[in-house]
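What follows is data_6.txt (compact mmCIF, C-alpha atoms).
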```
# COMPACT_ATOMS: atom_id res chain seq x y z
CA MET A 57 -0.18 -34.51 27.89
CA VAL A 58 -1.89 -37.87 27.88
CA ASN A 59 -2.17 -39.99 24.76
CA LEU A 60 -5.51 -41.73 25.21
CA ASP A 61 -6.63 -44.74 23.18
CA TYR A 62 -10.21 -45.75 23.68
CA THR A 63 -12.83 -48.16 22.43
CA GLY A 64 -16.46 -48.36 23.35
CA GLU A 65 -20.00 -49.29 22.59
CA ALA A 66 -22.94 -46.98 22.08
CA LYS A 67 -26.66 -47.63 21.88
CA THR A 68 -29.40 -45.20 21.07
CA SER A 69 -33.14 -45.49 21.36
CA VAL A 70 -34.85 -42.29 20.34
CA SER A 71 -38.46 -41.47 19.59
CA MET A 72 -39.37 -38.16 18.07
CA GLU A 73 -41.82 -36.44 15.80
CA SER A 74 -40.57 -35.34 12.40
CA GLN A 75 -42.80 -33.63 9.86
CA GLY A 76 -45.88 -34.87 11.68
CA MET A 77 -44.64 -38.47 11.79
CA GLN A 78 -43.56 -40.40 14.86
CA VAL A 79 -40.09 -41.75 14.18
CA GLN A 80 -38.38 -44.37 16.34
CA THR A 81 -34.67 -44.86 15.80
CA LYS A 82 -32.65 -47.61 17.44
CA THR A 83 -28.97 -48.10 16.73
CA SER A 84 -26.08 -49.89 18.33
CA GLY A 85 -22.44 -49.93 17.45
CA THR A 86 -18.85 -49.50 18.43
CA PHE A 87 -16.38 -46.67 18.38
CA SER A 88 -12.63 -46.36 18.79
CA GLY A 89 -10.17 -43.54 18.67
CA ASN A 90 -7.26 -41.64 20.03
CA ALA A 91 -7.01 -38.33 21.80
CA VAL A 92 -4.18 -36.17 23.05
CA VAL A 93 -5.45 -34.57 26.25
CA GLU A 94 -3.91 -31.96 28.52
CA LYS A 95 -3.64 -33.88 31.78
CA SER A 96 -4.07 -30.96 34.15
CA THR A 97 -7.26 -29.59 32.56
CA GLY A 98 -8.90 -32.37 30.56
CA ILE A 99 -8.87 -30.23 27.44
CA VAL A 100 -8.46 -32.23 24.24
CA GLN A 101 -5.67 -30.99 22.00
CA SER A 102 -6.55 -33.29 19.13
CA SER A 103 -8.63 -36.40 18.64
CA ARG A 104 -9.76 -38.80 15.97
CA SER A 105 -12.50 -41.40 16.27
CA ILE A 106 -14.25 -43.93 14.09
CA ALA A 107 -17.76 -45.13 14.90
CA LYS A 108 -19.78 -47.87 13.24
CA ALA A 109 -23.43 -48.56 13.94
CA THR A 110 -26.36 -50.53 12.64
CA GLY A 111 -30.00 -50.25 13.52
CA ASN A 112 -33.53 -49.53 12.40
CA ILE A 113 -35.63 -46.50 11.67
CA GLU A 114 -39.35 -47.08 12.22
CA ALA A 115 -41.87 -44.67 10.75
CA MET A 116 -45.39 -45.00 9.37
CA GLY A 117 -45.44 -48.71 10.19
CA MET A 118 -42.32 -49.34 8.13
CA GLU A 119 -38.97 -50.56 9.41
CA MET A 120 -35.85 -49.44 7.56
CA PRO A 121 -32.49 -51.05 8.35
CA THR A 122 -29.66 -48.54 8.51
CA GLU A 123 -25.84 -48.71 8.67
CA THR A 124 -23.65 -45.76 9.58
CA ASN A 125 -19.91 -45.09 9.68
CA VAL A 126 -18.68 -41.85 11.21
CA THR A 127 -15.13 -40.48 11.28
CA THR A 128 -14.60 -37.48 13.53
CA GLU A 129 -11.53 -35.28 14.00
CA THR A 130 -11.29 -32.49 16.55
CA THR A 131 -8.63 -29.96 17.44
CA VAL A 132 -8.82 -27.44 20.27
CA LYS A 133 -6.60 -24.42 20.74
CA GLU A 134 -6.51 -21.67 23.29
CA LEU A 135 -7.30 -18.23 21.88
CA MET B 87 -36.95 -39.79 3.78
CA LYS B 88 -33.78 -37.75 3.46
CA ARG B 89 -34.69 -36.09 6.74
CA LEU B 90 -35.11 -39.44 8.49
CA ASN B 91 -31.77 -40.66 7.23
CA LEU B 92 -30.02 -37.51 8.41
CA LEU B 93 -31.71 -37.90 11.76
CA ALA B 94 -30.30 -41.39 12.25
CA VAL B 95 -26.87 -40.13 11.32
CA VAL B 96 -26.84 -37.21 13.69
CA LEU B 97 -28.22 -39.22 16.60
CA PHE B 98 -25.41 -41.74 16.45
CA LEU B 99 -22.85 -39.04 15.79
CA GLY B 100 -23.88 -37.40 19.02
CA THR B 101 -23.19 -40.57 20.97
CA ALA B 102 -19.77 -41.46 19.65
CA THR B 103 -17.88 -39.14 21.89
CA MET B 104 -15.99 -39.92 25.02
CA ALA B 105 -16.89 -37.54 27.80
CA GLN B 106 -17.19 -39.52 30.99
CA ASN B 107 -18.17 -39.35 34.62
CA HIS B 108 -16.21 -39.99 37.82
CA SER B 109 -13.20 -37.79 37.00
CA THR B 110 -12.78 -34.07 36.83
CA ILE B 111 -11.85 -31.33 34.43
CA GLN B 112 -10.06 -28.17 35.53
CA LEU B 113 -11.02 -25.04 33.62
CA THR B 114 -9.82 -21.51 34.37
CA LYS B 115 -12.20 -18.57 34.39
CA GLY B 116 -11.56 -16.14 31.56
CA LYS B 117 -9.87 -18.58 29.20
CA ASN B 118 -11.12 -18.90 25.64
CA TYR B 119 -10.81 -21.86 23.30
CA GLN B 120 -11.55 -22.62 19.67
CA ILE B 121 -12.99 -26.08 18.96
CA MET B 122 -12.70 -27.25 15.36
CA SER B 123 -14.35 -30.51 14.35
CA THR B 124 -14.76 -32.43 11.13
CA ALA B 125 -17.19 -35.33 10.87
CA THR B 126 -17.58 -37.54 7.83
CA THR B 127 -20.63 -39.77 7.88
CA GLU B 128 -21.44 -42.50 5.40
CA SER B 129 -24.75 -44.25 5.83
CA LYS B 130 -26.91 -46.71 4.02
CA THR B 131 -30.64 -47.09 4.69
CA ASN B 132 -32.78 -49.73 3.04
CA TYR B 133 -36.20 -48.41 2.06
CA GLN B 134 -38.60 -50.83 0.37
CA GLY B 135 -35.75 -52.95 -0.97
CA GLN B 136 -33.75 -50.01 -2.26
CA ASN B 137 -30.53 -48.85 -0.62
CA MET B 138 -30.22 -45.12 -0.07
CA GLU B 139 -26.62 -44.08 0.42
CA THR B 140 -25.78 -40.81 2.07
CA LYS B 141 -22.48 -39.06 2.66
CA ILE B 142 -22.32 -36.03 4.89
CA ASP B 143 -19.27 -33.91 5.71
CA VAL B 144 -19.66 -31.35 8.47
CA LYS B 145 -17.01 -28.91 9.67
CA THR B 146 -17.84 -26.81 12.72
CA VAL B 147 -15.94 -24.15 14.61
CA TYR B 148 -17.01 -23.21 18.13
CA ASN B 149 -15.58 -20.61 20.44
CA MET B 150 -15.81 -21.52 24.13
CA GLU B 151 -15.37 -18.99 26.91
CA VAL B 152 -15.02 -20.12 30.51
CA ALA B 153 -17.26 -17.49 32.11
CA ASP B 154 -17.29 -18.67 35.72
CA VAL B 155 -16.09 -21.40 38.03
CA ALA B 156 -18.00 -22.07 41.23
CA ASN B 157 -19.03 -24.98 43.44
CA GLY B 158 -17.43 -27.59 41.22
CA GLN B 159 -19.34 -26.37 38.18
CA TYR B 160 -18.35 -24.32 35.17
CA LYS B 161 -20.33 -21.71 33.30
CA VAL B 162 -19.23 -21.67 29.67
CA ASN B 163 -20.41 -19.56 26.79
CA ASN B 164 -20.24 -21.42 23.49
CA THR B 165 -20.73 -19.81 20.11
CA LEU B 166 -21.02 -21.71 16.85
CA LYS B 167 -18.87 -19.52 14.61
CA SER B 168 -19.05 -21.40 11.33
CA VAL B 169 -20.48 -24.50 9.67
CA LYS B 170 -19.50 -26.05 6.39
CA MET B 171 -21.67 -28.96 5.32
CA SER B 172 -21.97 -31.03 2.20
CA MET B 173 -24.46 -33.81 1.73
CA ASN B 174 -24.80 -36.26 -1.09
CA GLN B 175 -27.76 -38.59 -1.25
CA MET B 176 -28.57 -40.74 -4.24
CA GLY B 177 -26.61 -38.50 -6.57
CA MET B 178 -28.08 -35.27 -5.25
CA ASP B 179 -25.74 -32.72 -3.68
CA LEU B 180 -26.52 -30.13 -1.07
CA ILE B 181 -23.87 -27.79 0.26
CA TYR B 182 -23.85 -25.06 2.88
CA ASP B 183 -21.13 -22.67 4.00
CA SER B 184 -22.14 -20.25 6.73
CA ASP B 185 -19.32 -17.91 5.68
CA ASP B 186 -20.71 -17.64 2.15
CA SER B 187 -23.64 -15.22 1.94
CA ALA B 188 -24.77 -16.91 -1.28
CA ASP B 189 -25.69 -19.98 0.79
CA ALA B 190 -28.10 -18.11 3.06
CA SER B 191 -31.03 -19.53 1.12
CA SER B 192 -29.70 -23.11 1.15
CA PRO B 193 -32.17 -25.67 2.55
CA LEU B 194 -29.46 -26.57 5.04
CA ALA B 195 -29.19 -22.97 6.28
CA GLU B 196 -32.54 -23.11 8.06
CA GLY B 197 -31.40 -25.67 10.61
CA PHE B 198 -28.43 -23.59 11.68
CA SER B 199 -29.92 -20.11 11.59
CA SER B 200 -31.16 -20.17 15.18
CA ILE B 201 -27.75 -21.06 16.62
CA LEU B 202 -25.11 -19.61 14.31
CA ASN B 203 -23.14 -16.77 15.92
CA LYS B 204 -25.42 -16.85 18.94
CA THR B 205 -23.94 -17.62 22.32
CA LYS B 206 -25.25 -20.58 24.30
CA SER B 207 -24.60 -20.41 28.04
CA LEU B 208 -24.10 -23.85 29.51
CA THR B 209 -23.34 -25.26 32.92
CA LEU B 210 -20.86 -28.13 33.04
CA ASP B 211 -20.32 -30.41 35.99
CA ASN B 212 -16.78 -31.26 37.04
CA GLY B 213 -16.84 -34.26 34.69
CA GLY B 214 -17.38 -32.00 31.69
CA ASN B 215 -21.02 -33.03 31.25
CA VAL B 216 -23.71 -30.49 30.45
CA VAL B 217 -25.99 -29.97 33.45
CA LYS B 218 -29.61 -30.42 32.42
CA ASP B 219 -31.85 -27.39 32.72
CA VAL B 220 -34.93 -25.92 31.12
CA ALA B 221 -32.94 -24.07 28.46
CA THR B 222 -31.00 -27.12 27.26
CA ALA B 223 -34.19 -29.21 27.20
CA LYS B 224 -35.86 -26.57 25.02
CA ASP B 225 -32.84 -26.49 22.70
CA ALA B 226 -32.90 -30.26 22.26
CA GLN B 227 -36.58 -30.24 21.33
CA GLU B 228 -36.32 -27.41 18.82
CA SER B 229 -35.09 -29.34 15.79
CA ALA B 230 -32.98 -32.33 14.73
CA VAL B 231 -30.00 -30.03 14.16
CA MET B 232 -30.39 -28.42 17.57
CA GLU B 233 -30.76 -31.84 19.15
CA GLN B 234 -27.48 -32.90 17.61
CA LEU B 235 -25.72 -29.75 18.77
CA ALA B 236 -27.25 -29.95 22.23
CA GLY B 237 -26.39 -33.65 22.41
CA SER B 238 -22.72 -32.85 21.97
CA GLY B 239 -22.95 -30.04 24.52
CA PHE B 240 -22.49 -27.48 21.74
CA GLY B 241 -18.96 -28.71 21.17
CA THR B 242 -17.96 -29.23 24.77
CA GLU B 243 -18.07 -33.05 24.63
CA GLU B 244 -15.55 -33.00 21.81
CA ALA B 245 -13.25 -30.66 23.68
CA LEU B 246 -13.22 -32.06 27.21
CA VAL B 247 -12.27 -35.39 28.71
CA ALA B 248 -12.30 -35.88 32.47
CA LEU B 249 -9.23 -37.99 33.03
CA PRO B 250 -8.83 -40.26 36.05
CA VAL B 251 -6.41 -38.77 38.55
CA ASN B 252 -3.96 -41.66 38.16
CA VAL B 253 -4.02 -41.72 34.36
CA LYS B 254 -0.75 -42.70 32.70
CA ALA B 255 0.89 -40.92 29.78
CA ASP B 256 -0.20 -43.66 27.37
CA HIS B 257 -3.62 -44.71 28.49
CA HIS B 258 -5.91 -47.31 27.02
CA GLY B 259 -9.52 -47.18 28.02
CA ARG B 260 -12.87 -48.72 27.34
CA TYR B 261 -16.01 -46.64 27.56
CA ASN B 262 -19.56 -47.84 27.23
CA ARG B 263 -22.38 -45.47 26.57
CA HIS B 264 -26.05 -46.29 26.56
CA PHE B 265 -28.75 -43.82 25.66
CA GLU B 266 -32.50 -43.97 26.08
CA SER B 267 -34.68 -41.24 24.69
CA ASN B 268 -32.85 -37.98 24.14
CA PRO B 269 -29.06 -38.46 23.97
CA LEU B 270 -28.57 -35.34 26.05
CA TYR B 271 -30.43 -36.87 28.95
CA GLY B 272 -29.44 -40.48 28.44
CA GLU B 273 -28.00 -42.65 31.08
CA ILE B 274 -24.24 -42.85 30.68
CA SER B 275 -22.21 -45.67 32.14
CA ARG B 276 -18.51 -46.21 32.07
CA LYS B 277 -16.64 -49.45 32.57
```
Please express the file's structure as structure tokens.
Amino acid sequence: MVNLDYTGEAKTSVSMESQGMQVQTKTSGTFSGNAVVEKSTGIVQSSRSIAKATGNIEAMGMEMPTETNVTTETTVKEL
Amino acid sequence: MKRLNLLAVVLFLGTATMAQNHSTIQLTKGKNYQIMSTATTESKTNYQGQNMETKIDVKTVYNMEVADVANGQYKVNNTLKSVKMSMNQMGMDLIYDSDDSADASSPLAEGFSSILNKTKSLTLDNGGNVVKDVATAKDAQESAVMEQLAGSGFGTEEALVALPVNVKADHHGRYNRHFESNPLYGEISRK
């Protein structure tokens, strides 16, 4: 098993149509976490990450600032 | 507006994972795995001077079957077995539990109905990344929920990390991800 600590940066720039409106979302932020990974396969046994991002949602000529915090936990087991 | 806020949340959620290129995974044909994930998202969006706060808890369970291994690629069959979701926005609560038949008419049920308990066949490269094809592109365009699920490789990104060959037992890494347009097809770089 490998105990993996990681940090990183993520940026998104996405344009899509929602309910007839064109919506442009741009965010940027950081994430960090830890994962226990089976070295021979790359299969995660367990992981926990925290991500923080800020950005803007643009729709109908309006710009809306947005802040997001996400905590994610994952466990994987063989059946 | 609630829909826009949720969209921003799920798009970033899809990016904050750590699958990477340049290393390899090693899956064995015939093996089956259960992937259980919990994501808690708290967001704040300012709309015309007013802050809208949203909290979303999502619990998903996927089953992943390694159907075939060939030419450095993996065919996996992923099935979303259950979803539990609660959403609170400006004092309003929405909940959905796919295991509870009483929630079948929940507004949140609609987004999951096309994927729940249906098997998605995916091709992964040896780095654990979903190989783009017509089917995955169609999935990603279907709805915001499908885009989120497709963006995380229907659970595979949470379950697989391609480790460098010389990785040590206690490894510290730094991963940068940059996405343009659809997260599923974004350019991914690692430093």
Tell me, as a PyMOL selection string, which residues lie within 9 Å of B:Gly116, counting all atoms listed in the file; anything in the same chain fewer than 2 positions away does not count. chain B and resi 114+118+151-154
Which of these residues is nearest to A:Glu123, using only C-alpha atoms: B:Thr127, B:Gln159, B:Asn252, B:Ser168?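 Ranked by minimum distance to A:Glu123, first place goes to B:Thr127.
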May I have the protein, DNA and RNA residues with an atom at most 12 Å from (-22.3, -52.4, 12.8), counting all atoms listed in the file in the file's coordinates, returned as number ranges by chain? A: 65-67, 83-87, 106-112, 121-126; B: 98, 129-130
Give, as lines of an AutoDock Vina configuration file, the centre coordinates and the x, y and z edge lengths in Å to one decimal for an axis-aligned box around all listed atoms of stretch 105-118 of chain A, padded by 8 Å on each side.
```
center_x = -29.0
center_y = -46.0
center_z = 12.2
size_x = 48.9
size_y = 25.1
size_z = 24.1
```
Quick one: residues within 9 Å of A:Glu134, all atoms listed in the file, excluding same-chain residues fewer than 5 positions away - as a compact mmCIF listing (two decimals) with C-alpha atoms, in the coordinates of the input?
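The result, written out as selection-v2.txt:
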```txt
# COMPACT_ATOMS: atom_id res chain seq x y z
CA LYS B 117 -9.87 -18.58 29.20
CA ASN B 118 -11.12 -18.90 25.64
CA TYR B 119 -10.81 -21.86 23.30
CA GLN B 120 -11.55 -22.62 19.67
CA ILE B 121 -12.99 -26.08 18.96
```
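Residues in contact with stretch 138-141 of chain B at 8 Å, where only C-alpha atoms are counted and same-chain residues fewer than 6 positions away are skipped, are listed as B:Asn91, B:Thr126, B:Thr127, B:Glu128, B:Ser129, B:Lys130, B:Thr131, B:Asn132, B:Met173, B:Asn174, B:Gln175, B:Met176.
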Please determine, counting only C-alpha atoms, which residue among A:Glu94, A:Glu73, A:Glu129, A:Glu114 has the shortest atom-to-atom distance to chain B. A:Glu129
Top pick for closest residue to chain B, considering A:Lys82, A:Asp61, A:Gly89, A:Met77 and counting only C-alpha atoms: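 The closest residue to chain B is A:Asp61.
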Quick one: residues within 8 Å of A:Ser102, only C-alpha atoms counted, chain neighbours fewer than 3 positions away excluded, as a ChimeraX atom specification? /A:91-93,129-132
